[in-house]
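Engineer: Contents of target09.cif (mmCIF, C-alpha atoms) are below:
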data_run
loop_
_atom_site.label_atom_id
_atom_site.label_comp_id
_atom_site.auth_asym_id
_atom_site.auth_seq_id
_atom_site.Cartn_x
_atom_site.Cartn_y
_atom_site.Cartn_z
CA MET A 1 0.00 0.00 0.00
CA ASP A 2 1.18 3.53 -0.77
CA VAL A 3 1.88 5.98 2.08
CA SER A 4 -0.66 8.31 0.48
CA PHE A 5 -3.20 6.30 2.49
CA VAL A 6 -2.20 8.53 5.43
CA LYS A 7 -3.72 11.49 3.55
CA THR A 8 -7.15 9.90 3.06
CA PRO A 9 -10.03 11.76 4.75
CA GLU A 10 -10.71 9.00 7.28
CA VAL A 11 -7.10 8.87 8.51
CA ARG A 12 -6.67 12.64 8.45
CA ASN A 13 -9.83 13.13 10.48
CA LEU A 14 -8.70 10.47 12.96
CA PHE A 15 -5.29 12.06 13.52
CA ASP A 16 -6.67 15.60 13.60
CA LYS A 17 -9.02 14.58 16.38
CA ALA A 18 -6.32 12.56 18.21
CA ALA A 19 -4.04 15.62 18.17
CA GLY A 20 -6.79 17.83 19.54
CA LEU A 21 -6.91 20.09 16.50
CA ASP A 22 -10.69 20.40 16.80
CA ALA A 23 -10.61 20.88 20.57
CA GLU A 24 -10.45 24.16 22.41
CA GLY A 25 -7.60 24.76 24.81
CA GLY A 26 -4.38 22.84 25.04
CA ASN A 27 -0.94 23.78 23.74
CA PRO A 28 -0.99 24.69 20.02
CA ARG A 29 2.71 23.88 19.54
CA LEU A 30 2.28 20.47 21.17
CA LYS A 31 -0.77 19.77 19.00
CA ALA A 32 1.17 20.52 15.82
CA ILE A 33 4.15 18.39 16.87
CA PHE A 34 1.97 15.49 17.99
CA ARG A 35 0.04 15.64 14.73
CA ASP A 36 3.28 15.33 12.74
CA ILE A 37 4.41 12.43 14.94
CA LEU A 38 1.19 10.56 14.14
CA ASP A 39 1.67 11.15 10.41
CA ALA A 40 5.31 10.05 10.48
CA SER A 41 4.51 6.95 12.53
CA ALA A 42 1.68 5.96 10.22
CA GLU A 43 3.89 6.37 7.14
CA ILE A 44 6.54 4.12 8.69
CA ILE A 45 3.90 1.47 9.42
CA ILE A 46 2.74 1.54 5.81
CA LYS A 47 6.19 1.79 4.22
CA HIS A 48 7.45 -1.30 6.07
CA ASP A 49 4.10 -3.11 6.19
CA ILE A 50 4.39 -3.46 9.96
CA GLY A 51 2.06 -6.16 11.25
CA GLU A 52 -0.01 -6.12 14.40
CA SER A 53 2.36 -8.44 16.27
CA GLU A 54 5.39 -6.33 15.30
CA PHE A 55 3.60 -3.18 16.44
CA TRP A 56 2.68 -4.53 19.85
CA ASN A 57 6.11 -6.13 20.32
CA ALA A 58 7.58 -2.65 19.79
CA VAL A 59 5.17 -1.18 22.34
CA SER A 60 6.13 -3.92 24.81
CA PHE A 61 9.83 -3.22 24.21
CA LEU A 62 9.33 0.46 25.00
CA GLN A 63 7.29 -0.33 28.10
CA THR A 64 9.80 -2.78 29.56
CA GLY A 65 12.74 -0.59 28.52
CA ALA A 66 11.44 2.59 30.14
CA GLY A 67 14.23 2.52 32.73
CA GLU A 68 16.83 2.75 29.94
CA TYR A 69 15.29 5.53 27.84
CA GLY A 70 18.35 7.71 28.43
CA LEU A 71 20.62 5.02 27.01
CA LEU A 72 18.22 4.22 24.16
CA VAL A 73 18.07 7.86 23.08
CA ALA A 74 21.88 8.03 23.10
CA GLY A 75 22.34 4.71 21.32
CA SER A 76 19.77 5.59 18.66
CA GLY A 77 21.82 8.63 17.66
CA LEU A 78 18.99 11.03 18.47
CA GLU A 79 20.85 12.73 21.33
CA HIS A 80 23.82 13.33 19.04
CA PHE A 81 21.44 14.55 16.33
CA ILE A 82 20.25 17.29 18.71
CA ASP A 83 23.89 18.40 19.03
CA LEU A 84 24.30 18.41 15.24
CA PHE A 85 21.06 20.38 14.87
CA ASN A 86 22.18 22.97 17.42
CA ASP A 87 25.58 23.21 15.72
CA ALA A 88 23.88 23.88 12.39
CA LYS A 89 21.68 26.58 13.95
CA ASP A 90 24.80 28.21 15.42
CA VAL A 91 26.44 28.29 11.99
CA GLU A 92 23.33 29.86 10.48
CA ALA A 93 23.45 32.50 13.21
CA GLY A 94 27.16 33.16 12.59
CA LEU A 95 28.24 31.61 15.89
CA THR A 96 31.47 29.64 15.56
CA GLY A 97 34.25 28.49 17.83
CA GLY A 98 34.14 27.28 21.38
CA THR A 99 34.55 23.81 22.83
CA PRO A 100 32.29 21.35 20.99
CA ARG A 101 29.10 20.34 22.73
CA THR A 102 28.29 16.68 23.04
CA ILE A 103 25.77 14.42 24.74
CA GLU A 104 24.98 14.68 28.44
CA GLY A 105 23.93 11.07 28.95
CA PRO A 106 21.42 9.97 31.59
CA LEU A 107 23.65 9.73 34.68
CA TYR A 108 24.09 13.26 36.04
CA VAL A 109 23.00 13.85 39.65
CA ALA A 110 22.17 17.35 40.86
CA GLY A 111 23.43 18.60 44.20
CA ALA A 112 27.07 17.50 44.17
CA PRO A 113 29.22 19.26 46.81
CA LEU A 114 30.59 22.66 45.78
CA SER A 115 34.39 22.69 46.18
CA GLU A 116 37.35 24.91 45.36
CA GLY A 117 40.99 24.33 44.49
CA ASP A 118 42.45 21.02 43.33
CA VAL A 119 39.46 18.80 44.05
CA ASN A 120 39.63 15.07 44.76
CA LEU A 121 36.54 13.56 43.14
CA SER A 122 37.04 10.01 44.39
CA LYS A 123 35.77 9.33 47.87
CA ASP A 124 36.13 5.56 47.53
CA PRO A 125 39.25 3.45 46.93
CA ASP A 126 39.49 1.87 43.51
CA GLU A 127 41.90 -0.52 41.84
CA THR A 128 42.86 1.78 39.00
CA ASP A 129 45.32 4.55 38.20
CA THR A 130 45.03 8.12 39.42
CA LEU A 131 43.91 10.70 36.88
CA TYR A 132 44.95 14.38 37.06
CA VAL A 133 43.06 16.89 34.93
CA ASN A 134 43.66 20.62 34.70
CA GLY A 135 43.10 23.53 32.35
CA GLN A 136 41.54 26.94 31.94
CA ILE A 137 38.06 28.19 31.10
CA THR A 138 38.14 31.13 28.69
CA GLY A 139 35.70 33.17 26.64
CA PRO A 140 35.62 33.96 22.90
CA ASP A 141 38.40 36.56 23.17
CA GLY A 142 40.63 34.41 25.34
CA GLU A 143 39.56 36.16 28.53
CA PRO A 144 39.49 34.07 31.73
CA VAL A 145 35.88 33.29 32.61
CA GLN A 146 35.06 34.45 36.12
CA ASN A 147 32.54 33.04 38.58
CA ALA A 148 32.30 29.79 36.65
CA ILE A 149 31.07 26.50 38.07
CA LEU A 150 32.46 23.30 36.57
CA HIS A 151 30.29 20.22 37.08
CA VAL A 152 32.22 16.98 36.59
CA TRP A 153 31.21 13.34 36.91
CA HIS A 154 32.45 9.95 35.72
CA ALA A 155 32.22 6.23 36.40
CA ASN A 156 34.48 4.11 38.58
CA SER A 157 36.82 1.44 37.21
CA GLN A 158 33.92 -1.03 36.95
CA GLY A 159 31.87 1.33 34.80
CA TRP A 160 29.38 2.19 37.55
CA TYR A 161 28.30 5.70 38.46
CA SER A 162 27.54 6.58 42.07
CA HIS A 163 23.78 6.79 42.74
CA PHE A 164 23.23 4.35 39.82
CA ASP A 165 25.50 1.53 41.04
CA PRO A 166 23.55 -1.73 41.42
CA THR A 167 26.10 -2.92 44.01
CA HIS A 168 25.18 0.07 46.25
CA GLU A 169 28.81 0.13 47.39
CA GLN A 170 29.77 3.66 46.34
CA THR A 171 29.72 6.64 48.64
CA PRO A 172 27.17 9.29 47.58
CA PHE A 173 28.71 11.64 45.01
CA ASN A 174 31.76 9.45 44.51
CA ASN A 175 33.49 10.76 41.36
CA ARG A 176 31.20 13.79 41.25
CA ALA A 177 31.75 17.45 42.13
CA ARG A 178 30.90 21.04 41.36
CA ILE A 179 34.05 23.13 41.28
CA LYS A 180 33.97 26.88 41.90
CA ILE A 181 36.50 28.46 39.56
CA GLY A 182 38.72 31.40 40.55
CA ALA A 183 39.22 34.71 38.72
CA ASP A 184 41.97 33.24 36.53
CA GLY A 185 39.57 30.67 35.07
CA ARG A 186 41.83 27.77 36.00
CA TYR A 187 40.59 24.45 37.35
CA ALA A 188 42.14 21.21 38.57
CA PHE A 189 40.84 17.91 39.89
CA HIS A 190 42.06 14.38 40.37
CA SER A 191 40.30 11.05 40.78
CA LYS A 192 40.62 7.33 40.29
CA MET A 193 40.78 6.67 36.57
CA PRO A 194 37.45 5.64 34.97
CA ASN A 195 37.34 2.77 32.51
CA GLY A 196 35.09 2.24 29.54
CA TYR A 197 31.96 0.21 30.05
CA SER A 198 29.03 -1.47 28.30
CA VAL A 199 25.27 -1.06 28.56
CA PRO A 200 23.56 -3.42 31.07
CA PRO A 201 23.68 -6.96 29.64
CA GLY A 202 20.26 -8.25 28.69
CA GLY A 203 18.70 -4.80 29.11
CA ALA A 204 16.62 -2.98 26.53
CA THR A 205 19.60 -1.13 25.04
CA ASP A 206 21.67 -4.31 24.80
CA VAL A 207 18.77 -6.12 23.10
CA LEU A 208 18.34 -3.31 20.56
CA MET A 209 22.06 -2.98 19.82
CA LYS A 210 22.39 -6.72 19.17
CA ALA A 211 19.29 -6.70 16.96
CA LEU A 212 20.92 -3.91 14.93
CA GLY A 213 24.23 -5.77 14.75
CA ARG A 214 25.90 -3.15 16.91
CA HIS A 215 27.76 -3.14 20.23
CA GLY A 216 26.90 -1.19 23.38
CA HIS A 217 30.39 -0.10 24.48
CA ARG A 218 31.53 3.35 25.58
CA PRO A 219 35.17 4.48 25.86
CA ALA A 220 36.55 5.84 29.13
CA HIS A 221 35.29 9.40 29.48
CA VAL A 222 34.55 12.30 31.82
CA HIS A 223 31.38 14.45 31.69
CA PHE A 224 31.18 18.22 32.18
CA PHE A 225 28.78 21.10 32.49
CA VAL A 226 30.40 24.54 32.45
CA GLU A 227 28.25 27.47 33.54
CA ALA A 228 29.11 31.14 34.17
CA PRO A 229 27.25 34.46 34.13
CA GLY A 230 27.32 36.02 30.66
CA TYR A 231 28.25 32.79 28.88
CA ARG A 232 26.35 29.93 27.27
CA THR A 233 26.28 26.85 29.45
CA LEU A 234 28.33 24.10 27.84
CA THR A 235 27.44 20.41 28.01
CA THR A 236 30.34 18.26 26.90
CA GLN A 237 32.62 15.34 27.74
CA ILE A 238 36.10 14.14 26.91
CA ASN A 239 36.66 10.62 25.64
CA PHE A 240 40.13 9.22 26.22
CA GLY A 241 41.85 9.12 22.85
CA ASP A 242 43.79 5.93 23.60
CA ASP A 243 40.69 3.88 24.47
CA PRO A 244 39.88 1.10 21.94
CA PHE A 245 36.33 2.46 21.56
CA ALA A 246 37.33 6.12 21.28
CA ALA A 247 36.35 6.18 17.61
CA ASP A 248 33.46 3.72 17.95
CA ASP A 249 31.33 4.99 20.83
CA PHE A 250 27.88 3.39 20.76
CA ALA A 251 26.41 6.65 22.13
CA PHE A 252 28.09 8.84 19.47
CA GLY A 253 29.63 11.05 22.16
CA THR A 254 33.04 11.23 20.48
CA ARG A 255 33.70 14.50 18.66
CA GLU A 256 36.77 16.13 17.15
CA GLY A 257 38.40 18.31 19.78
CA LEU A 258 37.18 16.12 22.64
CA LEU A 259 39.69 13.27 22.39
CA PRO A 260 42.69 14.06 24.60
CA VAL A 261 45.17 11.24 25.04
CA PRO A 262 46.13 10.78 28.72
CA GLN A 263 49.85 11.09 29.34
CA ARG A 264 50.50 7.96 31.38
CA GLN A 265 53.42 7.65 33.79
CA GLY A 266 53.39 4.51 35.91
CA ASP A 267 50.18 4.45 37.92
CA THR A 268 49.20 8.05 37.08
CA ALA A 269 47.76 9.76 34.02
CA TYR A 270 47.54 13.44 33.12
CA ILE A 271 45.16 15.38 30.88
CA ALA A 272 45.39 19.10 30.12
CA PHE A 273 42.13 20.36 28.64
CA ASP A 274 40.88 23.91 28.19
CA PHE A 275 37.23 24.94 27.83
CA HIS A 276 36.29 27.80 25.50
CA LEU A 277 32.83 29.30 26.07
CA GLN A 278 30.62 31.51 23.92
CA HIS A 279 28.82 34.62 25.14
CA SER A 280 25.14 34.12 25.93
CA ALA A 281 22.44 35.94 24.00
CA ASP A 282 20.03 35.82 26.94
CA ARG A 283 19.76 34.49 30.48
CA GLU A 284 18.13 31.25 29.33
CA GLU A 285 21.35 30.21 27.61
CA GLU A 286 23.17 30.50 30.94
CA HIS A 287 21.19 27.64 32.47
CA LEU A 288 20.99 23.90 31.94
CA SER A 289 18.21 22.57 29.76
CA SER A 290 15.01 21.49 31.50
CA ARG A 291 15.81 17.81 30.99
CA ARG A 292 14.68 15.72 33.95
CA ARG A 293 17.70 14.75 36.05
CA ALA A 294 18.34 12.72 39.16
CA SER A 295 18.96 14.55 42.42
CA ALA A 296 20.20 13.55 45.85
CA GLU A 297 17.17 15.22 47.44
CA ALA A 298 14.78 13.12 45.36
CA GLU A 299 16.64 9.98 46.45
CA LYS A 300 16.25 10.95 50.11
CA GLU A 301 12.51 11.53 49.67
CA ALA A 302 12.10 8.16 47.96
CA ALA A 303 14.05 6.31 50.67
#
Rewrite the coordinates I just gave you, this time as structure tokens.
Structural biologist:
Amino acid sequence: MDVSFVKTPEVRNLFDKAAGLDAEGGNPRLKAIFRDILDASAEIIIKHDIGESEFWNAVSFLQTGAGEYGLLVAGSGLEHFIDLFNDAKDVEAGLTGGTPRTIEGPLYVAGAPLSEGDVNLSKDPDETDTLYVNGQITGPDGEPVQNAILHVWHANSQGWYSHFDPTHEQTPFNNRARIKIGADGRYAFHSKMPNGYSVPPGGATDVLMKALGRHGHRPAHVHFFVEAPGYRTLTTQINFGDDPFAADDFAFGTREGLLPVPQRQGDTAYIAFDFHLQHSADREEEHLSSRRRASAEAEKEAA
């Protein structure tokens, strides 16, 4: 059957009503987006002649995989697509330069302790090397960014993030911190070296990756938010350039300019990495997106 079936009066009337186009109230933007989603979904069903069993198996997959939506969005390439889309909009607006943005991932936790100086992220012992990272945060003209806050988080050597560790062995906010940056824009922290990891075996993301003939591995990496008054908040991460999956990250987080190679000396490794921010056009650009994120306070309330 041809996808033009989606444009027949019966289907159009159905989707118009489902999207609330004939109803008063509601959000007009949401109605328009939802209407387009219905059209696109229906065209996919027709194009691939998706049967009833396939349809409901997909629904079941999404239901049972709800706990891994953050990983599924990353593994599908959609989170990276948002970065590419924002990059393209910046180019159209004449905005160039700055440290590349890349995916946030689903494992940030709000409320990490605010520290100053050379911060030790690792509260727990770990059987891995010690990582030292330092650099400077500057603006478009090379000026040191003042009053910046650097959020940093990464996994332990087993690939587990504190607050998401199924072993429940990590101290709260292990390998997590917010660092208050001085007037010179310089930062420094050290921690136990993270290793690369894979998506949960047998989970929804693992099932999808195998069905697509792909793997679910990530290279060793460190996540960052950088925020400061007068500058656009930056969401980025560095992937270790000597990791075997540095150029084959299942989550598409690897980008040119974000692949430093640790300088390894015995049981220590060093990375020098500078952040270059862009000026903000309005106050909204100085804040994190409204993505739903985990928080320590929410965990306490749920306990």
Engineer: Run the PyMOL selection byres ((chain A and resi 21) around 12) against the file shown and list the residues it catches, as a compact mmCIF listing (two decimals) with C-alpha atoms, keeping the file's coordinate frame.
Structural biologist:
# COMPACT_ATOMS: atom_id res chain seq x y z
CA ARG A 12 -6.67 12.64 8.45
CA ASN A 13 -9.83 13.13 10.48
CA LEU A 14 -8.70 10.47 12.96
CA PHE A 15 -5.29 12.06 13.52
CA ASP A 16 -6.67 15.60 13.60
CA LYS A 17 -9.02 14.58 16.38
CA ALA A 18 -6.32 12.56 18.21
CA ALA A 19 -4.04 15.62 18.17
CA GLY A 20 -6.79 17.83 19.54
CA ASP A 22 -10.69 20.40 16.80
CA ALA A 23 -10.61 20.88 20.57
CA GLU A 24 -10.45 24.16 22.41
CA GLY A 25 -7.60 24.76 24.81
CA GLY A 26 -4.38 22.84 25.04
CA ASN A 27 -0.94 23.78 23.74
CA PRO A 28 -0.99 24.69 20.02
CA ARG A 29 2.71 23.88 19.54
CA LEU A 30 2.28 20.47 21.17
CA LYS A 31 -0.77 19.77 19.00
CA ALA A 32 1.17 20.52 15.82
CA ILE A 33 4.15 18.39 16.87
CA PHE A 34 1.97 15.49 17.99
CA ARG A 35 0.04 15.64 14.73
CA ASP A 36 3.28 15.33 12.74
Engineer: Applying the PyMOL selection byres ((chain A and resi 50-63) around 12) to the file I just gave you, which residues come out? Please list them as a PyMOL selection string.
Structural biologist: chain A and resi 1+41-49+64-69+72-73+203-208
Engineer: Residues of region 190-265 of chain A that have any atom at most 12 Å from an atom of region 148-159 of chain A: could you tabulate them with the shortest-distance atom pair and the distance in Å to one decimal, using all atoms listed in the file, ordered by chain and increasing number, as a Markdown table?
Structural biologist:
| residue | atom | partner | partner_atom | distance |
| --- | --- | --- | --- | --- |
| A:His190 | CA | A:Val152 | CA | 10.9 |
| A:Ser191 | CA | A:Asn156 | CA | 9.3 |
| A:Lys192 | CA | A:Asn156 | CA | 7.1 |
| A:Met193 | CA | A:Ser157 | CA | 6.6 |
| A:Pro194 | CA | A:Ser157 | CA | 4.8 |
| A:Asn195 | CA | A:Ser157 | CA | 4.9 |
| A:Gly196 | CA | A:Gly159 | CA | 6.2 |
| A:Tyr197 | CA | A:Gly159 | CA | 4.9 |
| A:Ser198 | CA | A:Gly159 | CA | 7.6 |
| A:Val199 | CA | A:Gly159 | CA | 9.4 |
| A:Pro200 | CA | A:Gly159 | CA | 10.3 |
| A:His217 | CA | A:Gly159 | CA | 10.5 |
| A:Arg218 | CA | A:Gly159 | CA | 9.4 |
| A:Pro219 | CA | A:Gly159 | CA | 10.0 |
| A:Ala220 | CA | A:Ala155 | CA | 8.5 |
| A:His221 | CA | A:His154 | CA | 6.9 |
| A:Val222 | CA | A:His154 | CA | 5.0 |
| A:His223 | CA | A:Trp153 | CA | 5.3 |
| A:Phe224 | CA | A:Val152 | CA | 4.7 |
| A:Phe225 | CA | A:His151 | CA | 4.9 |
| A:Val226 | CA | A:Leu150 | CA | 4.8 |
| A:Glu227 | CA | A:Ile149 | CA | 5.4 |
| A:Ala228 | CA | A:Ala148 | CA | 4.3 |
| A:Pro229 | CA | A:Ala148 | CA | 7.3 |
| A:Gly230 | CA | A:Ala148 | CA | 10.0 |
| A:Tyr231 | CA | A:Ala148 | CA | 9.3 |
| A:Arg232 | CA | A:Ala148 | CA | 11.1 |
| A:Thr233 | CA | A:Ala148 | CA | 9.8 |
| A:Leu234 | CA | A:Leu150 | CA | 9.7 |
| A:Thr235 | CA | A:His151 | CA | 9.5 |
| A:Thr236 | CA | A:Val152 | CA | 10.0 |
| A:Gln237 | CA | A:Val152 | CA | 9.0 |
| A:Ile238 | CA | A:His154 | CA | 10.4 |
| A:Asn239 | CA | A:His154 | CA | 10.9 |
Engineer: Can you measure CA of Asp129 (chain A) to CA of Asp267 (chain A) for me? One decimal in Å is fine.
Structural biologist: 4.9 Å
Engineer: Could you expand the PyMOL selection byres ((chain A and resi 137) around 7) into the explicit residues it covers here, written as number ranges by chain?
Structural biologist: A: 135-136, 138, 144-145, 185-186, 274-276
Engineer: Provide the CA of Gly253 (chain A) to CA of Leu212 (chain A) distance in Å, to one decimal place.
Structural biologist: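 So the two atoms, CA of Gly253 (chain A) and CA of Leu212 (chain A), lie 18.8 Å apart.
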Engineer: So that I can check the surroundings of Leu258 (chain A), please list as a PyMOL selection string every protein, DNA and RNA residue that reaches within 9 Å of it, counting only C-alpha atoms and ignoring chain neighbours fewer than 2 positions away.
Structural biologist: chain A and resi 99-100+102+236-241+254-256+260+273
Engineer: So how far away is CA of Phe250 (chain A) from CA of Asp39 (chain A), in Å?
Structural biologist: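 Separating CA of Asp39 (chain A) from CA of Phe250 (chain A) is a distance of 29.2 Å.
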Engineer: Give me, as an NGL selection string, all polymer residues having an atom no more than 9 Å from Leu107 (chain A), counting all atoms listed in the file and skipping those fewer than 2 positions away in the same chain.
Structural biologist: :A and (70 or 104-105 or 109 or 153-154 or 161-164 or 293-294)
Engineer: Considering all atoms listed in the file, tabulate each residue of region 133-186 of chain A that lies at most 6 Å from region 111-120 of chain A along with its nearest interatomic pair and the corresponding distance in Å to one decimal; arrange the rows by chain and ascending residue number and present them as a tab-separated table.
Structural biologist:
residue	atom	partner	partner_atom	distance
A:Ala177	CA	A:Ala112	CA	5.1
A:Arg178	CA	A:Leu114	CA	4.7
A:Ile179	CA	A:Ser115	CA	4.9
A:Lys180	CA	A:Glu116	CA	5.2
Engineer: Which is closest to Ile103 (chain A) among A:Leu288, A:Ala251, A:Met209, A:Ile37, if we use only C-alpha atoms?
Structural biologist: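 Among the listed residues, the smallest separation from Ile103 (chain A) belongs to A:Ala251.
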Engineer: Let me make sure I understand: among A:Phe245, A:Leu121, A:Phe252, A:Ala188, which one has the smallest atom-to-atom distance to Asp83 (chain A) if we use only C-alpha atoms?
Structural biologist: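 Among the listed residues, the smallest separation from Asp83 (chain A) belongs to A:Phe252.
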Engineer: Please, what is the axis-aligned box for every listed atom of region 264-280 of chain A with 6 Å on each side, as centre and edge lengths in Å to one decimal, as lines of an AutoDock Vina configuration file?
Structural biologist:
center_x = 39.3
center_y = 19.5
center_z = 30.9
size_x = 40.3
size_y = 42.2
size_z = 26.0
Engineer: Could I see region 172-186 of chain A restored to N, CA and C atoms, set down as a JSON list (two decimals), in the coordinates of the input?
Structural biologist:
[["chain", "number", "residue", "atom", "x", "y", "z"],
["A", 172, "PRO", "N", 27.89, 8.28, 48.36],
["A", 172, "PRO", "CA", 27.17, 9.29, 47.58],
["A", 172, "PRO", "C", 28.13, 10.34, 47.00],
["A", 173, "PHE", "N", 27.93, 10.66, 45.77],
["A", 173, "PHE", "CA", 28.71, 11.64, 45.01],
["A", 173, "PHE", "C", 30.16, 11.22, 44.82],
["A", 174, "ASN", "N", 30.43, 9.91, 44.91],
["A", 174, "ASN", "CA", 31.76, 9.45, 44.51],
["A", 174, "ASN", "C", 31.97, 9.80, 43.04],
["A", 175, "ASN", "N", 33.12, 10.36, 42.72],
["A", 175, "ASN", "CA", 33.49, 10.76, 41.36],
["A", 175, "ASN", "C", 32.55, 11.82, 40.79],
["A", 176, "ARG", "N", 32.06, 12.68, 41.67],
["A", 176, "ARG", "CA", 31.20, 13.79, 41.25],
["A", 176, "ARG", "C", 31.57, 15.04, 42.05],
["A", 177, "ALA", "N", 31.50, 16.20, 41.40],
["A", 177, "ALA", "CA", 31.75, 17.45, 42.13],
["A", 177, "ALA", "C", 31.26, 18.62, 41.29],
["A", 178, "ARG", "N", 31.02, 19.72, 41.99],
["A", 178, "ARG", "CA", 30.90, 21.04, 41.36],
["A", 178, "ARG", "C", 32.09, 21.85, 41.85],
["A", 179, "ILE", "N", 32.83, 22.42, 40.92],
["A", 179, "ILE", "CA", 34.05, 23.13, 41.28],
["A", 179, "ILE", "C", 33.87, 24.63, 41.01],
["A", 180, "LYS", "N", 34.04, 25.44, 42.05],
["A", 180, "LYS", "CA", 33.97, 26.88, 41.90],
["A", 180, "LYS", "C", 35.31, 27.38, 41.37],
["A", 181, "ILE", "N", 35.28, 28.07, 40.25],
["A", 181, "ILE", "CA", 36.50, 28.46, 39.56],
["A", 181, "ILE", "C", 36.91, 29.87, 39.97],
["A", 182, "GLY", "N", 38.21, 30.10, 40.15],
["A", 182, "GLY", "CA", 38.72, 31.40, 40.55],
["A", 182, "GLY", "C", 38.74, 32.40, 39.41],
["A", 183, "ALA", "N", 39.23, 33.61, 39.69],
["A", 183, "ALA", "CA", 39.22, 34.71, 38.72],
["A", 183, "ALA", "C", 40.10, 34.43, 37.51],
["A", 184, "ASP", "N", 41.09, 33.54, 37.67],
["A", 184, "ASP", "CA", 41.97, 33.24, 36.53],
["A", 184, "ASP", "C", 41.39, 32.20, 35.60],
["A", 185, "GLY", "N", 40.22, 31.65, 35.93],
["A", 185, "GLY", "CA", 39.57, 30.67, 35.07],
["A", 185, "GLY", "C", 40.18, 29.28, 35.10],
["A", 186, "ARG", "N", 41.15, 29.07, 35.99],
["A", 186, "ARG", "CA", 41.83, 27.77, 36.00],
["A", 186, "ARG", "C", 41.14, 26.78, 36.94]]
